[in-house]
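**Student:** Just passing along the structure, written as structure tokens.
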Amino acid sequence: MSEASDVKTDHSEAPTGKVLAFEAPHAFAAFLRTIGRGSTVGRPLDENEAEAAFDMILDGAIEPLQLGAFLLVLRYRTEAPSELAGFVRSARKRFASSGALAELDWPSYADRHKQLTYFTLAAKLLAGAGVRILMHGIEGEGPAATRAAVTAIGLPLVSSFEEAAEALARVHFAYLPLEAFCPELVDLFELRPLLGLRTPVNSLARELNPANAPAQMQGVFHPNYLPLHAQTALLLGQPRAVIFKGGGGEAQRNPDKPCRTLVVEEGRQRELEWPALTEGESYPWRNEPLDVSRLAALWTGERDDAAPIKAVIGTAAMALLMLGRVQDRNEAEAMAAKLWAKRDRHIG
């Protein structure tokens, strides 16, 4: 008998020492088998399956190994609209907003900002015109986090739907952090350093619409995600939404380039392209200081940088058209420019 044959290998324990033996297949294994069996046999989960799978995840009823496998398989092959819709339905069961608090839902889930969040000024501009906006997101890394920007420009942070309702009635804006209404999802966001990349949680959070607003602004990282989010919005019955590749994955229009948007309106989807707003100019979006005081300075007029102002006006114009406040793009941009010119420059 060889020396190797004398070695006994014990596979009953994981490297951590945790026993992984089960007497019967785990209930979650059926979902893993469905999505992981390969291109010819495997398939996406339908909405009901996705909802049930995510219920188990949020309830903590699965093993860490299963969670990692599930998230990475979906990331590798890209989530299907049916899966995102099911995940969102599951997450929405964890919170209740007590009715439609806002007109406009504005998700902000880019966790690593590499440029200033000028879209927060677009939201402030719209709120000043009476549009009730609920912005929600996670605490990002670095000095340009959305939460820091909102505070810097004098908009309120809230910690509950009750506080959001008060702020919306008072100043037409509230920023509600994800941990205040669905902390289970925050735990999933925090897996990124462990897994090494974003997961479907980054996608589904953009669809949460915690205040059940009839209109929604959505910025995404990659153009190929536009149809995914538009189709998910349709499955979820979102009345109106505009979805586009925005700066840093946020709902922020880059005025230096034409902007392709997918618009969801009352059960239909259409494409609308917005023209560039600058003429051959190039603003150093990722090279300017990530100092949120620069946002406040732009609002008050201490700064007068043309490209950031056009980013604010252009982003607000998209929302105005989607909200039905105007009839076409030209009217939207003209109204947004007028709002900017007549804004109350006070911070606070």
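Numbering starts fresh at 1 for the residues of each chain in the structure tokens, the chains themselves are lettered A, B, ... in the order given, and ligands are numbered from 1 as they appear.
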For stretch 255-264 of chain A, work out the shell of residues within 7 Å, counting only C-alpha atoms and skipping chain neighbours fewer than 2 positions away, then give it as a list in words.

**Tutor:** Leu226, Ala230, Arg240, Ala241, Val242, Ile243, Phe244, Arg253, Glu266, Gly267, Arg268, Gln269, Arg270, Glu271, Leu272, Glu273, Trp274, Pro275, Ala276, Leu277, Thr278, Glu281, Ser282, Ala307, Lys310, Ala311 and Gly314 of chain A

**Student:** Dump C-alpha atoms for the selected residues as an mmCIF file, in the first residue's frame?

**Tutor:**
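Full text of selection-v4.cif as output:
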```cif
data_model
loop_
_atom_site.group_PDB
_atom_site.id
_atom_site.type_symbol
_atom_site.label_atom_id
_atom_site.label_comp_id
_atom_site.auth_asym_id
_atom_site.auth_seq_id
_atom_site.Cartn_x
_atom_site.Cartn_y
_atom_site.Cartn_z
ATOM 1 C CA LEU A 226 -31.401 50.273 -19.438
ATOM 2 C CA ALA A 230 -37.357 49.547 -17.928
ATOM 3 C CA ARG A 240 -43.784 56.668 -15.110
ATOM 4 C CA ALA A 241 -40.007 56.414 -15.059
ATOM 5 C CA VAL A 242 -37.012 57.744 -16.949
ATOM 6 C CA ILE A 243 -33.927 55.530 -17.014
ATOM 7 C CA PHE A 244 -30.531 56.535 -18.369
ATOM 8 C CA ARG A 253 -27.212 63.990 -16.986
ATOM 9 C CA GLU A 266 -48.581 53.918 -18.321
ATOM 10 C CA GLY A 267 -47.564 50.395 -19.314
ATOM 11 C CA ARG A 268 -45.486 51.296 -22.380
ATOM 12 C CA GLN A 269 -41.818 51.874 -23.051
ATOM 13 C CA ARG A 270 -40.279 54.295 -25.505
ATOM 14 C CA GLU A 271 -36.837 55.694 -26.249
ATOM 15 C CA LEU A 272 -36.009 59.380 -26.155
ATOM 16 C CA GLU A 273 -32.603 60.930 -26.819
ATOM 17 C CA TRP A 274 -31.648 64.270 -25.315
ATOM 18 C CA PRO A 275 -29.029 66.330 -27.159
ATOM 19 C CA ALA A 276 -25.720 67.463 -25.704
ATOM 20 C CA LEU A 277 -25.945 70.839 -23.993
ATOM 21 C CA THR A 278 -22.351 71.960 -24.485
ATOM 22 C CA GLU A 281 -16.436 71.871 -24.152
ATOM 23 C CA SER A 282 -15.069 69.281 -21.779
ATOM 24 C CA ALA A 307 -21.044 72.691 -17.443
ATOM 25 C CA LYS A 310 -26.080 72.654 -17.475
ATOM 26 C CA ALA A 311 -25.917 69.280 -15.723
ATOM 27 C CA GLY A 314 -30.532 69.164 -17.982
#
```

**Student:** Need the shell around A:Tyr109: protein/DNA/RNA residues with any atom at most 7 Å away, counting only C-alpha atoms. Skip same-chain ones fewer than 6 positions apart. Format as number ranges by chain?

**Tutor:** A: 137-138, 202

**Student:** Considering only C-alpha atoms, can you say which of A:Asp59, A:Glu207, A:Glu139, A:Glu166 comes closest to A:Glu179?

**Tutor:** A:Glu139

**Student:** Which polymer residues have any atom within 8 Å of an atom of stretch 115-117 of chain A, counting only C-alpha atoms, with same-chain residues fewer than 6 positions away left out, as JSON, numbers by chain?

**Tutor:** {"A": [144, 145, 146, 149, 247, 248, 252, 285, 286, 287, 288, 290, 291, 292, 295]}

**Student:** Can you tell me, as a PyMOL selection string, which residues in stretch 115-272 of chain A count as alpha helix (DSSP H) by DSSP?

**Tutor:** chain A and resi 119-128+146-152+161-171+178-181+183-189+192-195+200-204+226-235

**Student:** Would you mind listing what lies within 12 Å of A:Pro64 as a VMD selection string, with only C-alpha atoms counted and same-chain residues fewer than 5 positions away left out?

**Tutor:** chain A and resid 18 20 28 56 to 57 69 to 71 188 191 194 to 195

**Student:** For N, CA and C atoms, I'd like the residues from the last selection saved as a PDB file, in the first residue's frame.

**Tutor:**
```pdb
ATOM      1  N   LYS A  18     -17.097  24.291  10.326  1.00  0.00           N
ATOM      2  CA  LYS A  18     -18.541  24.142  10.389  1.00  0.00           C
ATOM      3  C   LYS A  18     -18.974  22.924   9.599  1.00  0.00           C
ATOM      4  N   LEU A  20     -21.065  20.785   7.204  1.00  0.00           N
ATOM      5  CA  LEU A  20     -21.927  21.131   6.092  1.00  0.00           C
ATOM      6  C   LEU A  20     -22.813  19.980   5.653  1.00  0.00           C
ATOM      7  N   PHE A  28     -33.502  26.018  -0.213  1.00  0.00           N
ATOM      8  CA  PHE A  28     -32.993  27.036  -1.138  1.00  0.00           C
ATOM      9  C   PHE A  28     -32.245  26.405  -2.312  1.00  0.00           C
ATOM     10  N   MET A  56     -36.438  34.152   1.632  1.00  0.00           N
ATOM     11  CA  MET A  56     -35.548  33.313   2.434  1.00  0.00           C
ATOM     12  C   MET A  56     -34.245  34.045   2.745  1.00  0.00           C
ATOM     13  N   ILE A  57     -33.742  34.797   1.763  1.00  0.00           N
ATOM     14  CA  ILE A  57     -32.500  35.547   1.979  1.00  0.00           C
ATOM     15  C   ILE A  57     -32.694  36.593   3.065  1.00  0.00           C
ATOM     16  N   ALA A  69     -23.183  32.055  -3.654  1.00  0.00           N
ATOM     17  CA  ALA A  69     -23.379  31.390  -4.940  1.00  0.00           C
ATOM     18  C   ALA A  69     -24.515  32.027  -5.722  1.00  0.00           C
ATOM     19  N   PHE A  70     -25.599  32.316  -5.041  1.00  0.00           N
ATOM     20  CA  PHE A  70     -26.781  32.889  -5.693  1.00  0.00           C
ATOM     21  C   PHE A  70     -26.467  34.259  -6.287  1.00  0.00           C
ATOM     22  N   LEU A  71     -25.864  35.126  -5.491  1.00  0.00           N
ATOM     23  CA  LEU A  71     -25.580  36.482  -5.959  1.00  0.00           C
ATOM     24  C   LEU A  71     -24.582  36.495  -7.110  1.00  0.00           C
ATOM     25  N   LEU A 188     -26.752  43.226   2.797  1.00  0.00           N
ATOM     26  CA  LEU A 188     -26.359  42.637   1.516  1.00  0.00           C
ATOM     27  C   LEU A 188     -25.414  43.564   0.753  1.00  0.00           C
ATOM     28  N   LEU A 191     -21.703  43.156   1.501  1.00  0.00           N
ATOM     29  CA  LEU A 191     -20.965  41.983   1.019  1.00  0.00           C
ATOM     30  C   LEU A 191     -19.985  42.323  -0.097  1.00  0.00           C
ATOM     31  N   LEU A 194     -16.341  41.564   0.334  1.00  0.00           N
ATOM     32  CA  LEU A 194     -16.090  40.128   0.434  1.00  0.00           C
ATOM     33  C   LEU A 194     -16.173  39.451  -0.929  1.00  0.00           C
ATOM     34  N   LEU A 195     -17.169  39.841  -1.733  1.00  0.00           N
ATOM     35  CA  LEU A 195     -17.381  39.205  -3.035  1.00  0.00           C
ATOM     36  C   LEU A 195     -16.550  39.854  -4.147  1.00  0.00           C
TER      37      LEU A 195
END
```

**Student:** Measure the distance from atom CA of A:Asp105 to atom CA of A:Arg132 in Å and round it to one decimal.

**Tutor:**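 Atom CA of A:Arg132 lies 8.8 Å from atom CA of A:Asp105.
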
**Student:** Give me the stretch 162-266 of chain A side of the contact with stretch 86-98 of chain A, cut-off 12 Å, one line per residue showing its nearest atom pair and distance in Å at one decimal, counting only C-alpha atoms, sorted by chain and residue number, as CSV.

**Tutor:**
```
residue,atom,partner,partner_atom,distance
A:Glu162,CA,A:Ser97,CA,8.5
A:Glu163,CA,A:Ser97,CA,11.1
A:Ala164,CA,A:Ser97,CA,9.5
A:Ala165,CA,A:Ser97,CA,9.4
A:Leu176,CA,A:Ser97,CA,11.4
A:Leu178,CA,A:Phe95,CA,10.7
A:Glu179,CA,A:Phe95,CA,11.1
A:Ala180,CA,A:Phe95,CA,9.6
A:Phe181,CA,A:Phe95,CA,5.9
A:Cys182,CA,A:Arg94,CA,6.4
A:Pro183,CA,A:Arg94,CA,9.2
A:Glu184,CA,A:Ala91,CA,8.6
A:Leu185,CA,A:Ala91,CA,8.0
A:Val186,CA,A:Ala91,CA,11.5
A:Leu188,CA,A:Ala91,CA,11.9
A:Pro200,CA,A:Phe87,CA,9.2
A:Val201,CA,A:Phe87,CA,8.8
A:Asn202,CA,A:Val88,CA,11.5
A:Ser203,CA,A:Val88,CA,9.8
A:Leu204,CA,A:Val88,CA,6.1
A:Ala205,CA,A:Val88,CA,7.6
A:Arg206,CA,A:Val88,CA,9.4
A:Glu207,CA,A:Val88,CA,6.8
A:Leu208,CA,A:Val88,CA,6.0
A:Asn209,CA,A:Arg92,CA,8.8
A:Pro210,CA,A:Ser97,CA,6.3
A:Ala211,CA,A:Ser97,CA,5.5
A:Asn212,CA,A:Ser97,CA,7.6
A:Ala213,CA,A:Ser97,CA,10.4
A:His229,CA,A:Val88,CA,11.8
A:Thr232,CA,A:Gly86,CA,9.4
A:Ala233,CA,A:Val88,CA,10.3
A:Leu235,CA,A:Gly86,CA,9.3
A:Leu236,CA,A:Arg89,CA,8.2
A:Gly237,CA,A:Arg89,CA,11.4
```

**Student:** Write out the residues from the selection above, keeping N, CA and C atoms, as a short mmCIF file (atom, residue, chain, number, x, y, z; two decimals), in the first residue's frame.

**Tutor:**
```cif
data_model
loop_
_atom_site.label_atom_id
_atom_site.label_comp_id
_atom_site.auth_asym_id
_atom_site.auth_seq_id
_atom_site.Cartn_x
_atom_site.Cartn_y
_atom_site.Cartn_z
N GLU A 162 -42.53 58.86 8.77
CA GLU A 162 -43.26 59.95 9.41
C GLU A 162 -42.48 61.27 9.26
N GLU A 163 -41.18 61.21 9.49
CA GLU A 163 -40.35 62.40 9.31
C GLU A 163 -40.31 62.81 7.84
N ALA A 164 -40.30 61.82 6.94
CA ALA A 164 -40.30 62.12 5.51
C ALA A 164 -41.57 62.88 5.13
N ALA A 165 -42.71 62.44 5.64
CA ALA A 165 -43.97 63.10 5.32
C ALA A 165 -43.96 64.56 5.77
N LEU A 176 -34.11 59.73 2.74
CA LEU A 176 -34.35 58.64 3.69
C LEU A 176 -33.31 57.55 3.45
N LEU A 178 -31.39 53.97 3.43
CA LEU A 178 -31.89 52.61 3.31
C LEU A 178 -32.00 51.93 4.67
N GLU A 179 -31.05 52.18 5.55
CA GLU A 179 -31.08 51.50 6.85
C GLU A 179 -32.29 51.90 7.67
N ALA A 180 -32.93 53.02 7.32
CA ALA A 180 -34.10 53.47 8.07
C ALA A 180 -35.37 52.72 7.67
N PHE A 181 -35.37 52.11 6.48
CA PHE A 181 -36.61 51.42 6.10
C PHE A 181 -36.42 49.98 5.65
N CYS A 182 -35.19 49.56 5.32
CA CYS A 182 -34.96 48.16 4.97
C CYS A 182 -33.53 47.77 5.31
N PRO A 183 -33.20 47.67 6.60
CA PRO A 183 -31.81 47.39 7.00
C PRO A 183 -31.30 46.05 6.50
N GLU A 184 -32.21 45.10 6.21
CA GLU A 184 -31.75 43.81 5.69
C GLU A 184 -30.98 43.97 4.38
N LEU A 185 -31.38 44.94 3.58
CA LEU A 185 -30.67 45.17 2.31
C LEU A 185 -29.31 45.80 2.53
N VAL A 186 -29.17 46.59 3.58
CA VAL A 186 -27.87 47.18 3.89
C VAL A 186 -26.86 46.07 4.14
N LEU A 188 -26.75 43.23 2.80
CA LEU A 188 -26.36 42.64 1.52
C LEU A 188 -25.41 43.56 0.75
N PRO A 200 -26.76 41.84 -7.55
CA PRO A 200 -28.11 42.28 -7.92
C PRO A 200 -28.75 43.24 -6.93
N VAL A 201 -28.24 43.32 -5.71
CA VAL A 201 -28.80 44.24 -4.73
C VAL A 201 -28.66 45.68 -5.22
N ASN A 202 -27.55 45.98 -5.90
CA ASN A 202 -27.37 47.33 -6.43
C ASN A 202 -28.43 47.67 -7.47
N SER A 203 -28.89 46.66 -8.20
CA SER A 203 -29.92 46.88 -9.21
C SER A 203 -31.30 46.98 -8.58
N LEU A 204 -31.64 46.06 -7.70
CA LEU A 204 -33.00 46.05 -7.16
C LEU A 204 -33.28 47.26 -6.29
N ALA A 205 -32.26 47.82 -5.65
CA ALA A 205 -32.49 48.98 -4.79
C ALA A 205 -33.03 50.17 -5.58
N ARG A 206 -32.63 50.27 -6.84
CA ARG A 206 -33.11 51.37 -7.68
C ARG A 206 -34.60 51.27 -7.97
N GLU A 207 -35.18 50.10 -7.76
CA GLU A 207 -36.59 49.88 -8.06
C GLU A 207 -37.48 49.91 -6.82
N LEU A 208 -36.92 50.15 -5.65
CA LEU A 208 -37.70 49.99 -4.42
C LEU A 208 -38.87 50.96 -4.32
N ASN A 209 -38.66 52.21 -4.71
CA ASN A 209 -39.71 53.24 -4.65
C ASN A 209 -40.48 53.15 -3.33
N PRO A 210 -39.81 53.41 -2.21
CA PRO A 210 -40.44 53.19 -0.90
C PRO A 210 -41.65 54.06 -0.61
N ALA A 211 -41.78 55.20 -1.30
CA ALA A 211 -42.94 56.07 -1.07
C ALA A 211 -44.05 55.86 -2.08
N ASN A 212 -43.89 54.85 -2.94
CA ASN A 212 -44.90 54.56 -3.95
C ASN A 212 -45.19 55.77 -4.83
N ALA A 213 -44.14 56.48 -5.21
CA ALA A 213 -44.29 57.67 -6.05
C ALA A 213 -44.67 57.27 -7.47
N HIS A 229 -33.95 47.58 -16.46
CA HIS A 229 -34.68 48.40 -15.49
C HIS A 229 -36.02 48.86 -16.05
N THR A 232 -38.31 45.87 -15.80
CA THR A 232 -38.65 45.62 -14.40
C THR A 232 -39.70 46.62 -13.93
N ALA A 233 -39.51 47.89 -14.30
CA ALA A 233 -40.50 48.92 -13.92
C ALA A 233 -41.88 48.57 -14.47
N LEU A 235 -43.03 45.52 -15.13
CA LEU A 235 -43.55 44.39 -14.37
C LEU A 235 -44.08 44.83 -13.01
N LEU A 236 -43.43 45.84 -12.42
CA LEU A 236 -43.85 46.33 -11.11
C LEU A 236 -45.01 47.32 -11.19
N GLY A 237 -45.44 47.66 -12.41
CA GLY A 237 -46.56 48.57 -12.57
C GLY A 237 -46.21 50.02 -12.29
#
```

**Student:** Can you pull out every residue from stretch 65-165 of chain A that DSSP, working from the backbone, puts in strand (DSSP E), and format the result as a VMD selection string?

**Tutor:** chain A and resid 104 to 108 133 to 137

**Student:** Just want the 12 Å neighbourhood of A:Ser293, counted on only C-alpha atoms, with same-chain residues fewer than 5 positions away dropped. Output as an mmCIF file with N, CA and C atoms, in the first residue's frame.

**Tutor:**
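Output (result_26.cif):
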```
data_model
loop_
_atom_site.group_PDB
_atom_site.id
_atom_site.type_symbol
_atom_site.label_atom_id
_atom_site.label_comp_id
_atom_site.auth_asym_id
_atom_site.auth_seq_id
_atom_site.Cartn_x
_atom_site.Cartn_y
_atom_site.Cartn_z
ATOM 1 N N LEU A 116 -18.691 65.014 -8.237
ATOM 2 C CA LEU A 116 -19.667 65.660 -7.377
ATOM 3 C C LEU A 116 -21.097 65.344 -7.809
ATOM 4 N N THR A 117 -21.969 65.261 -6.840
ATOM 5 C CA THR A 117 -23.354 64.844 -7.073
ATOM 6 C C THR A 117 -24.224 66.059 -7.393
ATOM 7 N N TYR A 118 -24.065 66.580 -8.610
ATOM 8 C CA TYR A 118 -24.835 67.757 -9.026
ATOM 9 C C TYR A 118 -26.329 67.453 -9.141
ATOM 10 N N PRO A 143 -15.844 61.807 0.489
ATOM 11 C CA PRO A 143 -16.438 63.095 0.850
ATOM 12 C C PRO A 143 -17.607 63.523 -0.025
ATOM 13 N N ALA A 144 -17.821 62.843 -1.172
ATOM 14 C CA ALA A 144 -18.883 63.265 -2.091
ATOM 15 C C ALA A 144 -20.133 62.414 -1.961
ATOM 16 N N ALA A 148 -23.917 63.482 2.396
ATOM 17 C CA ALA A 148 -23.149 64.684 2.726
ATOM 18 C C ALA A 148 -23.546 65.845 1.820
ATOM 19 N N ALA A 149 -23.805 65.539 0.547
ATOM 20 C CA ALA A 149 -24.198 66.589 -0.399
ATOM 21 C C ALA A 149 -25.545 67.185 -0.027
ATOM 22 N N VAL A 150 -26.490 66.332 0.322
ATOM 23 C CA VAL A 150 -27.825 66.798 0.692
ATOM 24 C C VAL A 150 -27.743 67.757 1.882
ATOM 25 N N THR A 151 -26.959 67.383 2.870
ATOM 26 C CA THR A 151 -26.792 68.241 4.040
ATOM 27 C C THR A 151 -26.141 69.569 3.662
ATOM 28 N N ALA A 152 -25.136 69.502 2.790
ATOM 29 C CA ALA A 152 -24.386 70.704 2.415
ATOM 30 C C ALA A 152 -25.252 71.731 1.697
ATOM 31 N N ILE A 153 -26.281 71.277 0.992
ATOM 32 C CA ILE A 153 -27.119 72.218 0.251
ATOM 33 C C ILE A 153 -28.426 72.528 0.973
ATOM 34 N N GLY A 154 -28.481 72.158 2.238
ATOM 35 C CA GLY A 154 -29.588 72.584 3.079
ATOM 36 C C GLY A 154 -30.860 71.787 2.957
ATOM 37 N N LEU A 298 -22.196 76.642 -5.997
ATOM 38 C CA LEU A 298 -22.846 76.751 -7.301
ATOM 39 C C LEU A 298 -24.276 77.246 -7.137
ATOM 40 N N TRP A 299 -24.943 76.756 -6.103
ATOM 41 C CA TRP A 299 -26.333 77.156 -5.855
ATOM 42 C C TRP A 299 -26.429 78.639 -5.494
ATOM 43 N N THR A 300 -25.538 79.104 -4.638
ATOM 44 C CA THR A 300 -25.606 80.488 -4.191
ATOM 45 C C THR A 300 -25.096 81.472 -5.233
ATOM 46 N N GLU A 302 -21.760 81.726 -5.952
ATOM 47 C CA GLU A 302 -20.335 81.976 -5.741
ATOM 48 C C GLU A 302 -19.505 81.311 -6.838
ATOM 49 N N ARG A 303 -19.986 80.199 -7.341
ATOM 50 C CA ARG A 303 -19.400 79.549 -8.524
ATOM 51 C C ARG A 303 -20.328 79.800 -9.704
ATOM 52 N N ILE A 347 -29.231 78.912 1.238
ATOM 53 C CA ILE A 347 -28.961 77.530 1.659
ATOM 54 C C ILE A 347 -29.527 77.355 3.059
#
```
